[in-house]
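This report refers to the structure that appears directly beneath it.
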Amino acid sequence: MLQRWSKAISPISKFGSQSGLKFMKDGTRQSYARVAPAPTIEDKAEPVQVNLDKMFWSKPCSLALSPDSPLRVEEPNYQGIKHFMLKLMLFYSKQSKSIRGANVVYRRIISQVDKPPIYEVFNLEKTFKTTFSLLVLHMWFCLRRLKQEGKEGVEFGQYLYEIYNHDVELRVSKAGVNLLLTKWMKELEKIFYGNIVAYDTALLPEAKPGDFSNVIWRNIFSDDGSSTPDDTASKAVQAMARYAHREVSCMTLTDKEALFSGNFMFTSLKHENRSREGHQ
């Protein structure tokens, strides 16, 4: 898988660097033409010192947004003839609602992965590889939670995955990879599923204590998967593993309504970025 990663990432990273684009990728099976690409978010943040040893120790909690949160996205409540016409066009069908909800979920993922704090907190350089790897990690958070909702969750997860694929294909194309696009997308798809399986396996009851951290290191921090982290990198890897463990638990505590509507937010890394003492 590591050789495949190098083969797939190197050409795309080169194009992305030349074009100055910052984006995420994954493999693809089909495009999703009805879904607009999720916007990326660019923030400027002042660099601060963080104590990685003291981060992400707090008790997991639901990530659902409060009913009065300005960040909530509500279903449109049209009345009269407009409601009637939209109903005829299946706007209120279960599938349409799921597609809209999956779009919101994907925007939550993009928001967390695109913003500077996640790179600053974990001492990561913002490259194609790290951005792609972080995107896969957060997709895993959501897909793992959705599986807990049975068939309905799996179906919703497929909508989310298709939105993800469509956005990735557009981003790869904008980066300058137009020749053999399908080939590169298939390679990235294999990497996506390989990472998902590795994360799930590392959380099995029979997994060893350090397995999850090792997977985080190989998938996100390591360039070739063969080296070992130094002391500084090791602290970042351990902190990322705690963050991921906590997000998995928080997602489990997040109710179905918040999950399917996208009315949840991942743990704020801006808060973590500014925390200098005490456990977070």
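FYI, nothing fancy with the structure tokens labels: chains A, B, ... in order, residues from 1 per chain, ligands from 1 as they appear.
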Got a sec: who's within 10 Å of Asn195 (chain A), counting only C-alpha atoms, leaving out chain neighbours fewer than 6 positions off, as a short mmCIF file (atom, residue, chain, number, x, y, z; two decimals) with N, CA and C atoms, in the first residue's frame?
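Okay, around_26.cif is ready:
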```cif
data_model
loop_
_atom_site.label_atom_id
_atom_site.label_comp_id
_atom_site.auth_asym_id
_atom_site.auth_seq_id
_atom_site.Cartn_x
_atom_site.Cartn_y
_atom_site.Cartn_z
N MET A 1 0.82 -1.20 0.00
CA MET A 1 0.00 0.00 0.00
C MET A 1 0.86 1.25 0.00
N SER A 133 -4.82 12.66 3.90
CA SER A 133 -4.85 11.71 5.01
C SER A 133 -5.79 12.16 6.12
N VAL A 136 -9.38 11.58 4.97
CA VAL A 136 -9.75 10.17 5.11
C VAL A 136 -10.06 9.85 6.57
N LEU A 137 -9.24 10.37 7.48
CA LEU A 137 -9.46 10.13 8.91
C LEU A 137 -10.83 10.63 9.35
N TRP A 140 -13.62 8.62 8.01
CA TRP A 140 -13.73 7.39 8.81
C TRP A 140 -14.54 7.63 10.08
N GLU A 189 -8.54 5.69 -4.37
CA GLU A 189 -9.63 4.91 -3.77
C GLU A 189 -9.08 3.72 -2.98
N THR A 201 -9.14 -1.96 12.14
CA THR A 201 -8.39 -3.09 12.69
C THR A 201 -7.64 -2.69 13.96
N VAL A 215 -0.66 3.24 13.22
CA VAL A 215 -1.43 3.48 12.00
C VAL A 215 -1.52 4.98 11.72
N ILE A 216 -1.74 5.77 12.76
CA ILE A 216 -1.77 7.23 12.61
C ILE A 216 -0.43 7.73 12.05
N ARG A 218 1.85 6.03 10.25
CA ARG A 218 2.06 5.59 8.87
C ARG A 218 1.15 6.34 7.89
N ASN A 219 -0.10 6.54 8.27
CA ASN A 219 -1.06 7.12 7.33
C ASN A 219 -0.98 8.64 7.22
N ILE A 220 -0.54 9.31 8.27
CA ILE A 220 -0.61 10.77 8.28
C ILE A 220 0.75 11.44 8.38
#
```
So which residues of region 54-144 of chain A fall under helix (DSSP H, G or I) by DSSP, listed as a compact mmCIF listing (two decimals) with all heavy atoms, in the first residue's frame?
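Final output, states.txt:
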```
# COMPACT_ATOMS: atom_id res chain seq x y z
N LYS A 54 -0.69 17.60 27.05
CA LYS A 54 -1.85 17.94 27.87
C LYS A 54 -3.14 18.07 27.07
O LYS A 54 -4.15 18.55 27.58
CB LYS A 54 -1.58 19.24 28.63
CG LYS A 54 -0.46 19.12 29.65
CD LYS A 54 -0.29 20.40 30.45
CE LYS A 54 0.79 20.22 31.52
NZ LYS A 54 0.94 21.45 32.34
N GLY A 80 -47.30 26.87 1.21
CA GLY A 80 -48.17 27.15 0.08
C GLY A 80 -47.77 26.43 -1.20
O GLY A 80 -47.35 25.28 -1.20
N ILE A 81 -47.90 27.15 -2.31
CA ILE A 81 -47.69 26.57 -3.62
C ILE A 81 -46.25 26.10 -3.81
O ILE A 81 -45.99 25.09 -4.47
CB ILE A 81 -48.07 27.57 -4.74
CG1 ILE A 81 -48.01 26.90 -6.11
CG2 ILE A 81 -47.19 28.81 -4.67
CD1 ILE A 81 -49.01 25.79 -6.30
N LYS A 82 -45.30 26.83 -3.21
CA LYS A 82 -43.89 26.43 -3.34
C LYS A 82 -43.65 25.08 -2.69
O LYS A 82 -42.95 24.23 -3.24
CB LYS A 82 -42.99 27.48 -2.71
CG LYS A 82 -41.51 27.28 -3.01
CD LYS A 82 -40.68 28.48 -2.57
CE LYS A 82 -39.23 28.32 -3.02
NZ LYS A 82 -38.41 29.51 -2.65
N HIS A 83 -44.26 24.89 -1.51
CA HIS A 83 -44.13 23.59 -0.83
C HIS A 83 -44.75 22.48 -1.68
O HIS A 83 -44.18 21.40 -1.81
CB HIS A 83 -44.83 23.67 0.53
CG HIS A 83 -44.82 22.36 1.28
ND1 HIS A 83 -43.79 22.01 2.12
CD2 HIS A 83 -45.69 21.32 1.28
CE1 HIS A 83 -44.05 20.81 2.64
NE2 HIS A 83 -45.20 20.37 2.13
N PHE A 84 -45.91 22.78 -2.26
CA PHE A 84 -46.60 21.79 -3.08
C PHE A 84 -45.77 21.40 -4.29
O PHE A 84 -45.63 20.22 -4.62
CB PHE A 84 -47.95 22.36 -3.52
CG PHE A 84 -48.71 21.47 -4.45
CD1 PHE A 84 -49.34 20.31 -3.98
CD2 PHE A 84 -48.79 21.75 -5.81
CE1 PHE A 84 -50.03 19.48 -4.85
CE2 PHE A 84 -49.48 20.92 -6.68
CZ PHE A 84 -50.10 19.77 -6.20
N MET A 85 -45.19 22.40 -4.98
CA MET A 85 -44.40 22.13 -6.17
C MET A 85 -43.13 21.35 -5.83
O MET A 85 -42.76 20.42 -6.55
CB MET A 85 -44.03 23.44 -6.86
CG MET A 85 -45.23 24.19 -7.44
SD MET A 85 -46.15 23.22 -8.66
CE MET A 85 -44.91 23.08 -9.95
N LEU A 86 -42.48 21.73 -4.74
CA LEU A 86 -41.26 21.03 -4.33
C LEU A 86 -41.56 19.59 -3.94
O LEU A 86 -40.76 18.68 -4.18
CB LEU A 86 -40.58 21.77 -3.18
CG LEU A 86 -39.91 23.09 -3.56
CD1 LEU A 86 -39.41 23.81 -2.31
CD2 LEU A 86 -38.74 22.84 -4.51
N LYS A 87 -42.72 19.39 -3.34
CA LYS A 87 -43.11 18.02 -2.97
C LYS A 87 -43.31 17.18 -4.21
O LYS A 87 -42.92 16.00 -4.25
CB LYS A 87 -44.38 18.06 -2.13
CG LYS A 87 -44.76 16.72 -1.55
CD LYS A 87 -45.94 16.84 -0.60
CE LYS A 87 -46.27 15.48 0.02
NZ LYS A 87 -47.41 15.59 0.97
N LEU A 88 -43.89 17.77 -5.25
CA LEU A 88 -44.08 17.05 -6.51
C LEU A 88 -42.73 16.68 -7.13
O LEU A 88 -42.60 15.64 -7.79
CB LEU A 88 -44.88 17.90 -7.49
CG LEU A 88 -46.37 18.08 -7.20
CD1 LEU A 88 -47.00 18.98 -8.26
CD2 LEU A 88 -47.09 16.72 -7.16
N LYS A 94 -37.18 11.06 1.13
CA LYS A 94 -36.13 10.60 2.03
C LYS A 94 -34.76 10.71 1.39
O LYS A 94 -33.78 11.11 2.03
CB LYS A 94 -36.39 9.14 2.44
CG LYS A 94 -35.35 8.57 3.39
CD LYS A 94 -35.67 7.13 3.74
CE LYS A 94 -34.60 6.55 4.66
NZ LYS A 94 -34.88 5.12 5.00
N GLN A 95 -34.66 10.37 0.10
CA GLN A 95 -33.39 10.44 -0.60
C GLN A 95 -32.89 11.88 -0.69
O GLN A 95 -31.71 12.15 -0.44
CB GLN A 95 -33.51 9.85 -2.00
CG GLN A 95 -32.19 9.84 -2.77
CD GLN A 95 -32.34 9.37 -4.20
OE1 GLN A 95 -33.31 9.74 -4.88
NE2 GLN A 95 -31.41 8.57 -4.67
N SER A 96 -33.77 12.80 -1.04
CA SER A 96 -33.36 14.20 -1.16
C SER A 96 -32.90 14.76 0.17
O SER A 96 -31.90 15.49 0.24
CB SER A 96 -34.53 15.04 -1.71
OG SER A 96 -34.83 14.69 -3.03
N LYS A 97 -33.62 14.43 1.25
CA LYS A 97 -33.21 14.89 2.57
C LYS A 97 -31.85 14.31 2.96
O LYS A 97 -31.02 14.99 3.56
CB LYS A 97 -34.26 14.51 3.60
CG LYS A 97 -35.56 15.30 3.48
CD LYS A 97 -36.55 14.91 4.56
CE LYS A 97 -37.82 15.74 4.48
NZ LYS A 97 -38.81 15.36 5.52
N SER A 98 -31.64 13.05 2.61
CA SER A 98 -30.36 12.42 2.92
C SER A 98 -29.22 13.07 2.17
O SER A 98 -28.13 13.28 2.71
CB SER A 98 -30.42 10.92 2.60
OG SER A 98 -31.33 10.25 3.44
N ILE A 99 -29.45 13.41 0.90
CA ILE A 99 -28.42 14.07 0.09
C ILE A 99 -28.07 15.43 0.69
O ILE A 99 -26.89 15.79 0.80
CB ILE A 99 -28.88 14.20 -1.37
CG1 ILE A 99 -28.96 12.82 -2.03
CG2 ILE A 99 -27.93 15.10 -2.15
CD1 ILE A 99 -29.59 12.82 -3.40
N ARG A 100 -29.09 16.19 1.09
CA ARG A 100 -28.83 17.49 1.69
C ARG A 100 -28.08 17.34 3.01
O ARG A 100 -27.14 18.08 3.30
CB ARG A 100 -30.14 18.26 1.91
CG ARG A 100 -30.78 18.72 0.62
CD ARG A 100 -31.86 19.76 0.88
NE ARG A 100 -33.02 19.22 1.60
CZ ARG A 100 -34.04 18.60 1.01
NH1 ARG A 100 -34.04 18.42 -0.30
NH2 ARG A 100 -35.06 18.16 1.72
N GLY A 101 -28.47 16.35 3.80
CA GLY A 101 -27.78 16.12 5.06
C GLY A 101 -26.34 15.70 4.85
O GLY A 101 -25.44 16.15 5.56
N ALA A 102 -26.11 14.84 3.86
CA ALA A 102 -24.75 14.39 3.57
C ALA A 102 -23.87 15.54 3.11
O ALA A 102 -22.67 15.59 3.41
CB ALA A 102 -24.78 13.28 2.51
N ASN A 103 -24.45 16.48 2.37
CA ASN A 103 -23.70 17.67 1.96
C ASN A 103 -23.24 18.47 3.16
O ASN A 103 -22.11 18.96 3.20
CB ASN A 103 -24.56 18.54 1.04
CG ASN A 103 -24.31 18.29 -0.43
OD1 ASN A 103 -23.25 18.59 -0.94
ND2 ASN A 103 -25.29 17.71 -1.10
N VAL A 104 -24.12 18.62 4.14
CA VAL A 104 -23.77 19.37 5.35
C VAL A 104 -22.66 18.64 6.12
O VAL A 104 -21.70 19.26 6.58
CB VAL A 104 -25.00 19.59 6.25
CG1 VAL A 104 -24.60 20.36 7.52
CG2 VAL A 104 -26.08 20.36 5.51
N VAL A 105 -22.80 17.32 6.25
CA VAL A 105 -21.77 16.54 6.94
C VAL A 105 -20.42 16.72 6.26
O VAL A 105 -19.39 16.91 6.91
CB VAL A 105 -22.15 15.04 6.98
CG1 VAL A 105 -20.99 14.20 7.52
CG2 VAL A 105 -23.39 14.83 7.85
N TYR A 106 -20.42 16.67 4.94
CA TYR A 106 -19.15 16.81 4.21
C TYR A 106 -18.54 18.19 4.42
O TYR A 106 -17.33 18.34 4.53
CB TYR A 106 -19.35 16.52 2.72
CG TYR A 106 -18.05 16.44 1.97
CD1 TYR A 106 -17.14 15.43 2.25
CD2 TYR A 106 -17.72 17.36 0.99
CE1 TYR A 106 -15.93 15.34 1.58
CE2 TYR A 106 -16.52 17.29 0.31
CZ TYR A 106 -15.63 16.28 0.61
OH TYR A 106 -14.42 16.21 -0.04
N ARG A 107 -19.38 19.21 4.48
CA ARG A 107 -18.86 20.55 4.75
C ARG A 107 -18.25 20.64 6.14
O ARG A 107 -17.28 21.36 6.35
CB ARG A 107 -19.97 21.61 4.58
CG ARG A 107 -20.42 21.79 3.14
CD ARG A 107 -21.09 23.14 2.93
NE ARG A 107 -22.29 23.29 3.74
CZ ARG A 107 -23.51 22.93 3.33
NH1 ARG A 107 -23.67 22.37 2.14
NH2 ARG A 107 -24.56 23.12 4.09
N ARG A 108 -18.81 19.90 7.09
CA ARG A 108 -18.21 19.87 8.44
C ARG A 108 -16.81 19.25 8.37
O ARG A 108 -15.87 19.72 9.02
CB ARG A 108 -19.07 19.05 9.40
CG ARG A 108 -20.51 19.50 9.54
CD ARG A 108 -20.67 20.88 10.11
NE ARG A 108 -22.07 21.18 10.39
CZ ARG A 108 -22.56 22.37 10.67
NH1 ARG A 108 -21.75 23.41 10.71
NH2 ARG A 108 -23.85 22.54 10.92
N ILE A 109 -16.68 18.20 7.59
CA ILE A 109 -15.38 17.53 7.45
C ILE A 109 -14.38 18.47 6.81
O ILE A 109 -13.26 18.65 7.30
CB ILE A 109 -15.54 16.24 6.61
CG1 ILE A 109 -16.38 15.20 7.36
CG2 ILE A 109 -14.16 15.66 6.27
CD1 ILE A 109 -16.71 13.98 6.54
N ILE A 110 -14.78 19.09 5.70
CA ILE A 110 -13.90 20.00 4.98
C ILE A 110 -13.47 21.16 5.87
O ILE A 110 -12.32 21.60 5.87
CB ILE A 110 -14.59 20.53 3.71
CG1 ILE A 110 -14.83 19.40 2.72
CG2 ILE A 110 -13.74 21.62 3.06
CD1 ILE A 110 -13.57 18.74 2.23
N SER A 111 -14.41 21.67 6.65
CA SER A 111 -14.11 22.79 7.54
C SER A 111 -13.02 22.42 8.54
O SER A 111 -12.10 23.20 8.79
CB SER A 111 -15.38 23.21 8.28
OG SER A 111 -15.10 24.25 9.20
N GLN A 112 -13.11 21.23 9.10
CA GLN A 112 -12.10 20.81 10.08
C GLN A 112 -10.75 20.56 9.43
O GLN A 112 -9.70 20.90 9.99
CB GLN A 112 -12.58 19.53 10.79
CG GLN A 112 -11.70 19.07 11.94
CD GLN A 112 -11.95 19.85 13.22
OE1 GLN A 112 -12.49 20.96 13.18
NE2 GLN A 112 -11.56 19.28 14.35
N VAL A 113 -10.75 19.98 8.24
CA VAL A 113 -9.51 19.58 7.58
C VAL A 113 -8.81 20.74 6.88
O VAL A 113 -7.58 20.77 6.79
CB VAL A 113 -9.80 18.43 6.57
CG1 VAL A 113 -8.59 18.14 5.71
CG2 VAL A 113 -10.22 17.18 7.32
N ASP A 114 -9.57 21.69 6.39
CA ASP A 114 -8.98 22.79 5.64
C ASP A 114 -8.40 23.89 6.54
O ASP A 114 -7.56 24.66 6.09
CB ASP A 114 -10.02 23.43 4.72
CG ASP A 114 -9.92 22.90 3.30
OD1 ASP A 114 -8.99 22.12 3.04
OD2 ASP A 114 -10.75 23.27 2.47
N PRO A 116 -6.31 26.01 9.32
CA PRO A 116 -4.93 25.95 9.83
C PRO A 116 -4.75 25.27 11.19
O PRO A 116 -3.73 24.61 11.40
CB PRO A 116 -4.51 27.42 9.89
CG PRO A 116 -5.35 28.09 8.87
CD PRO A 116 -6.67 27.40 8.90
N PRO A 117 -5.69 25.42 12.16
CA PRO A 117 -5.41 24.86 13.49
C PRO A 117 -5.01 23.40 13.53
O PRO A 117 -4.16 23.01 14.32
CB PRO A 117 -6.74 25.10 14.23
CG PRO A 117 -7.27 26.34 13.62
CD PRO A 117 -6.94 26.22 12.16
N ILE A 118 -5.61 22.57 12.68
CA ILE A 118 -5.28 21.14 12.74
C ILE A 118 -3.83 20.89 12.35
O ILE A 118 -3.18 19.97 12.85
CB ILE A 118 -6.25 20.31 11.87
CG1 ILE A 118 -6.18 18.83 12.28
CG2 ILE A 118 -5.95 20.48 10.38
CD1 ILE A 118 -7.31 18.00 11.72
N TYR A 119 -3.30 21.72 11.47
CA TYR A 119 -1.89 21.59 11.07
C TYR A 119 -0.97 22.19 12.14
O TYR A 119 0.11 21.66 12.40
CB TYR A 119 -1.66 22.27 9.72
CG TYR A 119 -2.52 21.67 8.63
CD1 TYR A 119 -3.78 22.20 8.34
CD2 TYR A 119 -2.10 20.55 7.92
CE1 TYR A 119 -4.58 21.64 7.37
CE2 TYR A 119 -2.90 19.98 6.94
CZ TYR A 119 -4.15 20.52 6.67
OH TYR A 119 -4.94 19.94 5.72
N GLU A 120 -1.41 23.27 12.75
CA GLU A 120 -0.60 23.92 13.77
C GLU A 120 -0.52 23.09 15.05
O GLU A 120 0.56 22.94 15.63
CB GLU A 120 -1.18 25.31 14.07
CG GLU A 120 -1.11 26.25 12.88
CD GLU A 120 -1.93 27.51 13.09
OE1 GLU A 120 -2.64 27.59 14.11
OE2 GLU A 120 -1.85 28.42 12.24
N VAL A 121 -1.66 22.56 15.48
CA VAL A 121 -1.70 21.78 16.71
C VAL A 121 -0.83 20.53 16.60
O VAL A 121 -0.08 20.19 17.52
CB VAL A 121 -3.15 21.39 17.07
CG1 VAL A 121 -3.18 20.31 18.15
CG2 VAL A 121 -3.93 22.61 17.53
N PHE A 128 -0.37 17.93 0.03
CA PHE A 128 -1.46 17.09 -0.47
C PHE A 128 -1.62 15.83 0.36
O PHE A 128 -2.72 15.43 0.72
CB PHE A 128 -1.21 16.71 -1.93
CG PHE A 128 -2.20 15.70 -2.43
CD1 PHE A 128 -3.49 16.06 -2.75
CD2 PHE A 128 -1.84 14.36 -2.56
CE1 PHE A 128 -4.42 15.13 -3.18
CE2 PHE A 128 -2.75 13.42 -2.98
CZ PHE A 128 -4.04 13.80 -3.30
N LYS A 129 -0.51 15.20 0.69
CA LYS A 129 -0.56 13.94 1.44
C LYS A 129 -1.23 14.12 2.80
O LYS A 129 -2.10 13.34 3.18
CB LYS A 129 0.84 13.36 1.63
CG LYS A 129 0.84 12.06 2.44
CD LYS A 129 2.25 11.57 2.73
CE LYS A 129 2.23 10.25 3.49
NZ LYS A 129 1.56 10.36 4.80
N THR A 130 -0.80 15.14 3.55
CA THR A 130 -1.36 15.31 4.89
C THR A 130 -2.83 15.71 4.82
O THR A 130 -3.65 15.21 5.60
CB THR A 130 -0.57 16.36 5.70
OG1 THR A 130 -0.49 17.58 4.95
CG2 THR A 130 0.84 15.87 5.99
N THR A 131 -3.18 16.57 3.89
CA THR A 131 -4.57 16.99 3.77
C THR A 131 -5.46 15.82 3.37
O THR A 131 -6.54 15.61 3.93
CB THR A 131 -4.71 18.12 2.73
OG1 THR A 131 -3.85 19.20 3.11
CG2 THR A 131 -6.13 18.63 2.66
N PHE A 132 -4.99 15.04 2.40
CA PHE A 132 -5.74 13.85 2.00
C PHE A 132 -5.90 12.88 3.17
O PHE A 132 -6.98 12.36 3.43
CB PHE A 132 -5.02 13.15 0.84
CG PHE A 132 -5.59 11.81 0.49
CD1 PHE A 132 -6.71 11.71 -0.32
CD2 PHE A 132 -5.01 10.65 0.97
CE1 PHE A 132 -7.25 10.47 -0.64
CE2 PHE A 132 -5.53 9.41 0.66
CZ PHE A 132 -6.66 9.31 -0.15
N SER A 133 -4.82 12.66 3.90
CA SER A 133 -4.85 11.71 5.01
C SER A 133 -5.79 12.16 6.12
O SER A 133 -6.50 11.34 6.72
CB SER A 133 -3.44 11.52 5.58
OG SER A 133 -2.55 11.03 4.59
N LEU A 134 -5.81 13.46 6.39
CA LEU A 134 -6.71 13.99 7.41
C LEU A 134 -8.16 13.91 6.94
O LEU A 134 -9.07 13.65 7.74
CB LEU A 134 -6.34 15.44 7.74
CG LEU A 134 -5.03 15.63 8.49
CD1 LEU A 134 -4.67 17.11 8.57
CD2 LEU A 134 -5.10 15.03 9.90
N LEU A 135 -8.38 14.11 5.67
CA LEU A 135 -9.73 13.98 5.13
C LEU A 135 -10.22 12.55 5.29
O LEU A 135 -11.36 12.31 5.71
CB LEU A 135 -9.74 14.37 3.65
CG LEU A 135 -11.08 14.22 2.93
CD1 LEU A 135 -12.14 15.10 3.57
CD2 LEU A 135 -10.93 14.56 1.46
N VAL A 136 -9.38 11.58 4.97
CA VAL A 136 -9.75 10.17 5.11
C VAL A 136 -10.06 9.85 6.57
O VAL A 136 -11.04 9.16 6.89
CB VAL A 136 -8.64 9.25 4.59
CG1 VAL A 136 -8.97 7.79 4.88
CG2 VAL A 136 -8.43 9.45 3.09
N LEU A 137 -9.24 10.37 7.48
CA LEU A 137 -9.46 10.13 8.91
C LEU A 137 -10.83 10.63 9.35
O LEU A 137 -11.58 9.92 10.04
CB LEU A 137 -8.37 10.82 9.72
CG LEU A 137 -8.47 10.68 11.25
CD1 LEU A 137 -8.21 9.23 11.67
CD2 LEU A 137 -7.47 11.62 11.94
N HIS A 138 -11.21 11.83 8.93
CA HIS A 138 -12.50 12.39 9.35
C HIS A 138 -13.67 11.73 8.61
O HIS A 138 -14.78 11.63 9.18
CB HIS A 138 -12.49 13.90 9.16
CG HIS A 138 -11.63 14.61 10.16
ND1 HIS A 138 -10.25 14.64 10.06
CD2 HIS A 138 -11.93 15.29 11.29
CE1 HIS A 138 -9.76 15.32 11.09
NE2 HIS A 138 -10.74 15.72 11.85
N MET A 139 -13.46 11.29 7.41
CA MET A 139 -14.48 10.48 6.74
C MET A 139 -14.70 9.19 7.52
O MET A 139 -15.84 8.74 7.68
CB MET A 139 -14.04 10.17 5.30
CG MET A 139 -14.25 11.29 4.31
SD MET A 139 -15.99 11.58 3.93
CE MET A 139 -16.40 10.08 3.00
N TRP A 140 -13.62 8.62 8.01
CA TRP A 140 -13.73 7.39 8.81
C TRP A 140 -14.54 7.63 10.08
O TRP A 140 -15.38 6.79 10.45
CB TRP A 140 -12.33 6.87 9.15
CG TRP A 140 -12.33 5.72 10.11
CD1 TRP A 140 -12.82 4.46 9.88
CD2 TRP A 140 -11.79 5.71 11.43
NE1 TRP A 140 -12.63 3.67 10.99
CE2 TRP A 140 -11.99 4.40 11.95
CE3 TRP A 140 -11.14 6.65 12.22
CZ2 TRP A 140 -11.59 4.04 13.24
CZ3 TRP A 140 -10.74 6.30 13.49
CH2 TRP A 140 -10.95 5.01 13.99
N PHE A 141 -14.32 8.76 10.75
CA PHE A 141 -15.12 9.08 11.94
C PHE A 141 -16.61 8.98 11.62
O PHE A 141 -17.38 8.37 12.37
CB PHE A 141 -14.84 10.51 12.43
CG PHE A 141 -13.46 10.76 12.95
CD1 PHE A 141 -12.94 12.04 12.98
CD2 PHE A 141 -12.67 9.72 13.44
CE1 PHE A 141 -11.67 12.30 13.46
CE2 PHE A 141 -11.39 9.97 13.93
CZ PHE A 141 -10.89 11.26 13.94
N CYS A 142 -17.00 9.58 10.51
CA CYS A 142 -18.41 9.64 10.15
C CYS A 142 -18.95 8.30 9.67
O CYS A 142 -20.03 7.87 10.08
CB CYS A 142 -18.62 10.71 9.08
SG CYS A 142 -18.25 12.39 9.62
N LEU A 143 -18.21 7.64 8.81
CA LEU A 143 -18.68 6.36 8.26
C LEU A 143 -18.78 5.30 9.35
O LEU A 143 -19.71 4.47 9.35
CB LEU A 143 -17.74 5.89 7.15
CG LEU A 143 -17.71 6.76 5.89
CD1 LEU A 143 -16.66 6.26 4.91
CD2 LEU A 143 -19.09 6.80 5.23
N ARG A 144 -17.85 5.33 10.29
CA ARG A 144 -17.89 4.37 11.40
C ARG A 144 -19.14 4.59 12.25
O ARG A 144 -19.81 3.64 12.64
CB ARG A 144 -16.63 4.53 12.25
CG ARG A 144 -16.51 3.56 13.42
CD ARG A 144 -15.24 3.80 14.21
NE ARG A 144 -15.17 2.95 15.39
CZ ARG A 144 -14.66 1.73 15.42
NH1 ARG A 144 -14.15 1.21 14.30
NH2 ARG A 144 -14.64 1.02 16.53
```
Item checked: Top pick for closest residue to Arg72 (chain A), considering A:Ala258, A:Ile163, A:Met55, A:Leu269 and counting only C-alpha atoms ->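 Of A:Ala258, A:Ile163, A:Met55, A:Leu269, the one nearest Arg72 (chain A), counting only C-alpha atoms, is A:Ala258.
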Item checked: Long-range neighbours of region 58-67 of chain A as a list in words, 6 Å cut-off, only C-alpha atoms, 4 positions minimum in chain ->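 Contacts, in chain order: Arg246, Ser249, Cys250, Leu253, Thr254, Ala258, Asn263, Phe264, Met265 and Gln280 of chain A.
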Convert the current residue selection to file output with C-alpha atoms, as a short mmCIF file (atom, residue, chain, number, x, y, z; two decimals), in the first residue's frame.
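Writing the result to out_38.cif gives the following:
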```cif
data_model
loop_
_atom_site.label_atom_id
_atom_site.label_comp_id
_atom_site.auth_asym_id
_atom_site.auth_seq_id
_atom_site.Cartn_x
_atom_site.Cartn_y
_atom_site.Cartn_z
CA ARG A 246 -11.92 10.93 21.44
CA SER A 249 -16.27 8.22 21.16
CA CYS A 250 -17.86 11.64 20.71
CA LEU A 253 -22.52 9.90 21.71
CA THR A 254 -23.88 12.16 18.96
CA ALA A 258 -27.64 15.58 14.55
CA ASN A 263 -25.82 19.55 12.86
CA PHE A 264 -22.66 18.66 14.73
CA MET A 265 -19.14 20.05 14.86
CA GLN A 280 -8.21 19.54 27.50
#
```
Notebook entry, point to check: Which polymer residues have any atom within 10 Å of an atom of region 207-212 of chain A, counting only C-alpha atoms, with same-chain residues fewer than 4 positions away left out, as a ChimeraX atom specification?
Noted result: /A:198-203,216-218,237-238,241-242,244-245
Item checked: Residues near Ala239 (chain A), cut-off 8 Å, only C-alpha atoms, skip fewer than 6 positions along chain, as an NGL selection string -> :A and (52-53 or 55-56 or 122)
